[in-house]
Structures are given as C-alpha cells and as structure tokens.
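Here is the structure we will look at, set down as structure tokens.
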Amino acid sequence: MRVLLTGGAGYIGSHTAVELLQSGIEVVIADDLSNSSLNAVKRVEAITGKSVVFYLADVSDTAMLRTVFRENRIDAVIHFAGFKAVGESVAKPLKYYRNNLCTTLSLLEVMNENGCGKIVFSSSATVYGDPDTVPLSEDSPVKSGTNPYARTKRMIEQILTDFNAADKGTEVTILRYFNPVGAHPSGMIGENPNGVPNNLMPYITQVAVGKLPKLSIFGSDYPTPDGTCIRDYVHVVDLAKGHMAALNHSAPGVNIYNLGTGKGYSVLEVVDAFERVNGVKIPRVMAPRRAGDVAVCYSSSEKAAAVLGWHAELSMDDMVRDAWNWQIKNPDGYAAE
Ligand code: NAD
Ligand code: WQD
C-alpha cells in the first residue's frame, strides 16, 4: 500500500509517517514546508531506516499534484496540509480560507482524475465549539465555529460529504483530533512552532528550557474544580496510530471518529504533571481568560474503539515526559540543523 501524506512534514504528519513506514506502508509526502522543515522528513527516515518520497509542493497546485499521482500509484491519502493557528485565522481569515479550502479542492479533483477514493482528513474537536455537554461524541452538535480556522474544518467536512455523495465508491474518514501533545519517544521528531507558541504544551516546554520566562495561565475562574480549563490531551504517537487504524478499516461512506483519550485534564494538572515527571519548575502566573476558550472539552472515544479498534494507550505522564525529551534534545527545534 502506498499513501500520500499532504502536510506530512508537519507535527502530526511526521509521527504518522513513522507509524506507516514501520507497518510496511510506502509513504509519499507533499509539503510546501510553510510550517515545517525537511529535517523532519530526514529524521523520519532515520527513525525507521526507510525512505520517503518527498515533493516540495503546494497542495493547492493541481499541476504539481498531477505529477505526484502520475509518478506514484497512490492507494489512499491522509490530508494534513493546512494552516492551524486559531488567532492568526482571526487576523488573516482569507489566508486560512484560501489555503485550507484550496488544498482540499485541488486534492479531491486530482484524486478523482486518478480513481483514488480513500481519504482520511485531519479535522478538529474545534468543530464542536462550546459544548452543551461532555463527553463529546461524534453525534454531538457541530457548531458554526468561533473562528475562521474552525469554520474551514467544518466546511471541509461538508465538502468531503458532498464528494462522497457524488461517488458512493469513495471512502471518507474524518478524524476529529482533541489536543495533540508530546513527541516521538526517540526525541528526534516533535512539535516545532514558529515564534512564541500558542498552545499550552510547547509553551510549557519553552518555559522549562528557559526560552520563555513564565507561563500565563489563561483564566482561573472557570466552572471547573480548580478554576482552569479542561482539555483532552492525546499523545501524538497514539494519534498517529489512529491514522493507521483508519487506513486499515475499509468502509464506504463518510465516517467520523473522535481521537482523544476520553479523559480531561485542567491546565494546572498538566503543569503539575510536567513538574513532577520531569523535575523541572514552571514559573507561572494567573492571567485573564483568553478570548474564545471553552471551559471544558473532552471526548468520548468509544466509537473509535468499537469500530477501528483504536484507543489511546499513553498517559499524561508519557505526554509530558516525551514533550520535554524532544525540547531538551532540540532546544531550537529543527532550526539547529
Ligand atoms: P503542522 O503545521 O505541523 O503541519 C501541517 C503541514 O502542512 C506543515 O508541514 C505545513 O508546511 C503543511 N502545509 C500547509 N499548507 C500547505 C500547502 N498549501 N501545501 C503543502 N503543504 C502545506 O500542523 P499539525 O499540528 O501537524 O496539524 C496537521 C493537521 O491537523 C492540520 O490540518 C491541522 O489543522 C489539524 N489539527 C491539528 C491539531 C493540533 O493541535 N496540532 C488539532 C486538530 C487538528
Ligand atoms: C489548552 C489550554 C488555554 C496556552 C487548540 C485549538 C484547537 C486545536 C487544538 C487545531 C487552554 C490554556 C494555553 C498558554 C494557557 N487545534 N493555555 N496558557 O485552545 O484547547 O485548542 O489546539 O485544531 O482548534 O483551538 O489548545 O493548547 O492552546 O490551550 O493557560 O500559554 O491551555 O487557555 O485552556 P486549545 P491550547
């Protein structure tokens, strides 16, 4: 089996490439490196001892995609390529609509031309917006989204549904990730944010390594036991294995799965786990709420377990240990090479 990973040089794509290669699947990556480094691909090859076919390609460029499909018989696609920063999407909505939607449209057109109908798409728990109840199941109401990034994810889910409706032979799998964190246990690949991180775990690791002075905890007056927000953090290696499970499962139609652990942790619980497991102090201050944050968000991952046979195996301790291992081995991310 040969699988095309759009955006495969990125954080989740590189970890998924490792799992696929280790399972004997051939991997083709198309990535424009707009938010990643070729070094991630080289390290995927070093971890696995296997080669990746890499194209420096903008996935919205249909001519380039035609070349990828002409030069490689692609059996399935995992579509990671896109922009993901919520705050930037509010400031630059057109950039997000253009990139996230145009990559998807070009990809589906070229898949159609080549008779490739199996696609796994990186969606997000953000499509649930501010949940009415938790845990969130795949049947929980989907909201229009509080930011342009979230809306692109929802729009792409709808485009994929129409793609499948027009050709019932296609197989669309929509994976709604909760909060991916951690890194490969080798410490060779991990999350490599540009500039100051937006997300909690890379912010903590950059405080721990001394690149940032302190963590601001956004809000301590939420209706949660310790007043800080609760999220469903899932180890990126577990998430990568979820993609393997999705590829191995053959089902026509549009199938949606939450990928989370089913357990929520507060911001303070994550910080405490990081300090306890790694023996490093995280200076922190309580700060005002961040606009757009919801108080509590965690999954029911029962459907993925029942249908795909996938469930998260790694714990919060594994997540904070591996996030720190990646950070200390690569204080400047891939930029050091
Ligand atoms: P990432 O930025 O590390 O990876 C995305 C990759 O896509 C990058 O390598 C980037 O260079 C590439 N890319 C962007 N636009 C492209 C284009 N036009 N052509 C080719 N390549 C392009 O992000 P990630 O965390 O690995 O996320 C992967 C996917 O999962 C994204 O679609 C993201 O929206 C989604 N997702 C991420 C999270 C998260 O918290 N990390 C949560 C839910 C969903
Ligand atoms: C987690 C918690 C913050 C930074 C985002 C996207 C979502 C999805 C996953 C792509 C929140 C708090 C954070 C900090 C803090 N991505 N925090 N200080 O917002 O749950 O989800 O990433 O699809 O769409 O919105 O993740 O890691 O930013 O925040 O206190 O410096 O940590 O307020 O409660 P979030 P996050």
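Labeling convention for the structure tokens: chains A, B, ... as they appear, residues from 1 per chain, ligands from 1 in order of appearance.
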
Within 7 Å of ligand 1 (only C-alpha atoms and all ligand atoms), residues as a count of residues only = 36

Go through the chains and note each residue within 7 Å of ligand 2, using only C-alpha atoms and all ligand atoms, then give the set as a PyMOL selection string.
-> chain A and resi 84+86+123-126+150+178-180+198-201+203+215-219+228-231+267+289-290+293

Please write the residues from the selection above to a file, keeping N, CA, C and O atoms, as a CSV table (one decimal), in the first residue's frame.
chain,number,residue,atom,x,y,z
A,84,LYS,N,-3.1,26.2,10.9
A,84,LYS,CA,-3.9,25.7,12.1
A,84,LYS,C,-3.9,26.7,13.3
A,84,LYS,O,-4.4,26.4,14.4
A,86,VAL,N,-5.3,29.4,15.5
A,86,VAL,CA,-6.6,30.0,15.6
A,86,VAL,C,-6.6,31.5,15.6
A,86,VAL,O,-7.3,32.2,14.9
A,123,SER,N,-9.5,16.6,10.9
A,123,SER,CA,-10.4,17.6,11.4
A,123,SER,C,-10.1,17.8,12.9
A,123,SER,O,-9.0,17.4,13.4
A,124,SER,N,-11.0,18.5,13.6
A,124,SER,CA,-10.6,19.0,14.9
A,124,SER,C,-11.8,19.0,15.8
A,124,SER,O,-12.9,19.3,15.4
A,125,ALA,N,-11.6,18.8,17.1
A,125,ALA,CA,-12.7,19.0,18.1
A,125,ALA,C,-13.2,20.4,18.1
A,125,ALA,O,-14.3,20.7,18.6
A,126,THR,N,-12.5,21.3,17.5
A,126,THR,CA,-13.0,22.7,17.4
A,126,THR,C,-14.3,22.8,16.7
A,126,THR,O,-15.0,23.8,17.0
A,150,ALA,N,-11.7,27.2,12.6
A,150,ALA,CA,-12.8,26.2,12.9
A,150,ALA,C,-13.7,26.1,11.7
A,150,ALA,O,-14.1,24.9,11.4
A,178,PHE,N,-8.5,15.8,19.4
A,178,PHE,CA,-8.7,16.7,20.5
A,178,PHE,C,-7.4,17.5,20.7
A,178,PHE,O,-7.0,18.2,19.8
A,179,ASN,N,-6.6,17.4,21.8
A,179,ASN,CA,-5.4,18.2,21.9
A,179,ASN,C,-4.2,17.4,21.7
A,179,ASN,O,-3.7,16.8,22.7
A,180,PRO,N,-3.6,17.3,20.5
A,180,PRO,CA,-2.4,16.5,20.4
A,180,PRO,C,-1.2,17.1,21.1
A,180,PRO,O,-0.9,18.3,20.9
A,198,ASN,N,1.5,29.1,20.6
A,198,ASN,CA,0.1,29.5,21.0
A,198,ASN,C,-0.4,28.4,22.0
A,198,ASN,O,-1.3,28.7,22.8
A,199,ASN,N,0.1,27.2,21.8
A,199,ASN,CA,-0.5,26.1,22.6
A,199,ASN,C,0.2,25.8,23.9
A,199,ASN,O,1.4,26.1,24.1
A,200,LEU,N,-0.5,25.2,24.8
A,200,LEU,CA,-0.1,25.0,26.2
A,200,LEU,C,1.2,24.2,26.3
A,200,LEU,O,2.2,24.7,26.9
A,201,MET,N,1.3,23.0,25.7
A,201,MET,CA,2.5,22.1,25.9
A,201,MET,C,3.8,22.7,25.4
A,201,MET,O,4.8,22.8,26.1
A,203,TYR,N,4.4,25.8,25.0
A,203,TYR,CA,4.7,26.9,25.8
A,203,TYR,C,5.4,26.5,27.1
A,203,TYR,O,6.4,27.0,27.6
A,215,LEU,N,4.9,30.9,32.4
A,215,LEU,CA,3.7,30.6,31.7
A,215,LEU,C,2.5,31.4,32.3
A,215,LEU,O,2.4,31.6,33.5
A,216,SER,N,1.7,32.0,31.4
A,216,SER,CA,0.5,32.7,31.8
A,216,SER,C,-0.6,31.6,31.7
A,216,SER,O,-0.8,31.0,30.7
A,217,ILE,N,-1.3,31.4,32.8
A,217,ILE,CA,-2.5,30.5,32.8
A,217,ILE,C,-3.7,31.3,32.5
A,217,ILE,O,-4.1,32.2,33.3
A,218,PHE,N,-4.3,31.1,31.4
A,218,PHE,CA,-5.4,31.9,30.9
A,218,PHE,C,-6.7,31.5,31.6
A,218,PHE,O,-7.5,30.7,31.1
A,219,GLY,N,-7.0,32.2,32.7
A,219,GLY,CA,-8.3,32.1,33.4
A,219,GLY,C,-8.2,31.1,34.5
A,219,GLY,O,-7.8,29.9,34.4
A,228,THR,N,-9.3,26.2,36.2
A,228,THR,CA,-8.7,26.4,34.9
A,228,THR,C,-9.3,25.4,33.9
A,228,THR,O,-10.0,24.4,34.3
A,229,CYS,N,-9.1,25.7,32.7
A,229,CYS,CA,-9.8,25.0,31.6
A,229,CYS,C,-9.4,23.5,31.5
A,229,CYS,O,-8.3,23.2,31.8
A,230,ILE,N,-10.3,22.7,31.1
A,230,ILE,CA,-10.1,21.2,31.0
A,230,ILE,C,-10.1,20.8,29.5
A,230,ILE,O,-11.0,21.2,28.8
A,231,ARG,N,-9.1,20.0,29.1
A,231,ARG,CA,-8.9,19.6,27.8
A,231,ARG,C,-8.6,18.1,27.8
A,231,ARG,O,-8.1,17.6,28.7
A,267,VAL,N,-5.5,22.8,33.1
A,267,VAL,CA,-4.2,23.4,32.8
A,267,VAL,C,-3.3,23.2,34.0
A,267,VAL,O,-2.1,22.8,33.9
A,289,ARG,N,-8.7,35.4,31.2
A,289,ARG,CA,-9.2,34.4,30.2
A,289,ARG,C,-8.7,34.8,28.8
A,289,ARG,O,-8.6,35.9,28.5
A,290,ARG,N,-8.4,33.8,28.0
A,290,ARG,CA,-8.1,34.0,26.5
A,290,ARG,C,-9.4,34.0,25.7
A,290,ARG,O,-10.2,33.0,25.9
A,293,ASP,N,-11.8,30.7,24.4
A,293,ASP,CA,-11.6,29.4,25.1
A,293,ASP,C,-12.9,28.9,25.7
A,293,ASP,O,-13.7,29.7,26.2

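Coordinates place CA of Thr62 (chain A) at a distance of 6.8 Å from CA of Val110 (chain A).
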
Kindly provide the residues of region 96-188 of chain A that approach region 318-334 of chain A to within 12 Å, each paired with its closest atom pair and their distance in Å to one decimal, based on only C-alpha atoms, listed by chain and increasing number, as CSV.
residue,atom,partner,partner_atom,distance
A:Asn179,CA,A:Met319,CA,11.2
A:Pro180,CA,A:Met319,CA,9.3
A:Val181,CA,A:Met319,CA,6.4
A:Gly182,CA,A:Ala323,CA,4.2
A:Ala183,CA,A:Asp322,CA,5.3
A:His184,CA,A:Asp322,CA,6.7
A:Pro185,CA,A:Asp322,CA,5.7
A:Ser186,CA,A:Trp326,CA,7.9
A:Gly187,CA,A:Trp326,CA,4.3
A:Met188,CA,A:Trp326,CA,6.7

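Here the question is which of A:Asn258, A:Thr133, A:Ser266, A:Thr146 gets nearest to Ser299 (chain A) using only C-alpha atoms, and that residue is A:Asn258.
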
Write out as a PyMOL selection string each polymer residue whose atoms come within 8 Å of Thr173 (chain A), counting only C-alpha atoms; drop sequence neighbours fewer than 5 positions from it.
-> chain A and resi 119-121+246+254-257

Using backbone DSSP assignments, extract all strand (DSSP E) residues from region 6-101 of chain A; output them as JSON, numbers by chain.
-> {"A": [6, 26, 27, 28, 29, 30, 31, 53, 54, 55, 56, 76, 77, 78, 79]}

Counting only C-alpha atoms, what is within 6 Å of region 308-315 of chain A, bar same-chain residues fewer than 4 positions away, as an MDAnalysis selection string?
-> chainID A and resid 238 245 261 304

Export of prior selection with N, CA, C and O atoms as a compact mmCIF listing (two decimals), in the first residue's frame:
# COMPACT_ATOMS: atom_id res chain seq x y z
N ASP A 238 -0.03 8.09 19.85
CA ASP A 238 -1.36 7.44 19.83
C ASP A 238 -2.17 7.95 18.65
O ASP A 238 -2.85 7.18 17.95
N ALA A 245 -5.09 2.90 12.06
CA ALA A 245 -6.35 2.17 12.25
C ALA A 245 -7.39 2.61 11.22
O ALA A 245 -8.13 1.78 10.67
N THR A 261 -8.48 10.85 24.43
CA THR A 261 -8.34 9.79 25.43
C THR A 261 -9.64 9.54 26.18
O THR A 261 -9.79 8.53 26.86
N ALA A 304 -14.34 5.12 18.11
CA ALA A 304 -13.05 4.70 17.53
C ALA A 304 -12.63 3.35 18.10
O ALA A 304 -12.08 2.51 17.38

In region 139-177 of chain A, what's alpha helix (DSSP H) per DSSP? Answer as number ranges by chain?
-> A: 148-166

All residues 6 Å or closer to Ile74 (chain A), only C-alpha atoms, same chain fewer than 2 positions away omitted, as a PyMOL selection string | chain A and resi 2-3+72+76

How would the residues just picked look written out with C-alpha atoms as a PDB file, in the first residue's frame?
ATOM      1  CA  ARG A   2       1.249   3.494  -0.857  1.00  0.00           C
ATOM      2  CA  VAL A   3      -0.187   6.504   0.968  1.00  0.00           C
ATOM      3  CA  ASN A  72       3.362   7.234  -7.747  1.00  0.00           C
ATOM      4  CA  ALA A  76      -5.032   6.433  -0.171  1.00  0.00           C
TER       5      ALA A  76
END

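Straight-line separation from CA of Tyr233 (chain A) to CA of Gly260 (chain A): 6.9 Å.
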
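With distances restricted to only C-alpha atoms, A:Glu113 is the closest residue to Arg66 (chain A) from A:Asp226, A:Asp221, A:Glu45, A:Glu113.
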
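The two atoms in question, CA of Gly253 (chain A) and CA of Ala306 (chain A), are spaced 17.5 Å apart.
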
Long-range neighbours of Arg151 (chain A) as a VMD selection string, 9 Å cut-off, only C-alpha atoms, 5 positions minimum in chain | chain A and resid 97 126 to 127 143 to 146 156

Would you save the residues from that selection as a PDB file, in the first residue's frame, using N, CA and C atoms?
ATOM      1  N   TYR A  97      -8.920  30.593   4.656  1.00  0.00           N
ATOM      2  CA  TYR A  97      -9.913  30.026   3.729  1.00  0.00           C
ATOM      3  C   TYR A  97      -9.216  29.578   2.451  1.00  0.00           C
ATOM      4  N   THR A 126     -12.489  21.318  17.480  1.00  0.00           N
ATOM      5  CA  THR A 126     -12.952  22.709  17.429  1.00  0.00           C
ATOM      6  C   THR A 126     -14.297  22.821  16.712  1.00  0.00           C
ATOM      7  N   VAL A 127     -14.659  21.825  15.875  1.00  0.00           N
ATOM      8  CA  VAL A 127     -15.959  21.897  15.187  1.00  0.00           C
ATOM      9  C   VAL A 127     -17.126  21.771  16.167  1.00  0.00           C
ATOM     10  N   LYS A 143     -21.019  23.077  15.659  1.00  0.00           N
ATOM     11  CA  LYS A 143     -21.423  24.493  15.640  1.00  0.00           C
ATOM     12  C   LYS A 143     -20.717  25.199  14.494  1.00  0.00           C
ATOM     13  N   SER A 144     -21.148  26.398  14.196  1.00  0.00           N
ATOM     14  CA  SER A 144     -20.591  27.076  13.016  1.00  0.00           C
ATOM     15  C   SER A 144     -19.152  27.526  13.266  1.00  0.00           C
ATOM     16  N   GLY A 145     -18.724  27.470  14.534  1.00  0.00           N
ATOM     17  CA  GLY A 145     -17.324  27.794  14.802  1.00  0.00           C
ATOM     18  C   GLY A 145     -17.152  29.210  15.294  1.00  0.00           C
ATOM     19  N   THR A 146     -16.191  29.373  16.221  1.00  0.00           N
ATOM     20  CA  THR A 146     -15.979  30.703  16.788  1.00  0.00           C
ATOM     21  C   THR A 146     -14.850  31.432  16.077  1.00  0.00           C
ATOM     22  N   ILE A 156     -14.685  21.924   5.209  1.00  0.00           N
ATOM     23  CA  ILE A 156     -14.031  20.796   4.533  1.00  0.00           C
ATOM     24  C   ILE A 156     -14.785  19.500   4.841  1.00  0.00           C
TER      25      ILE A 156
END
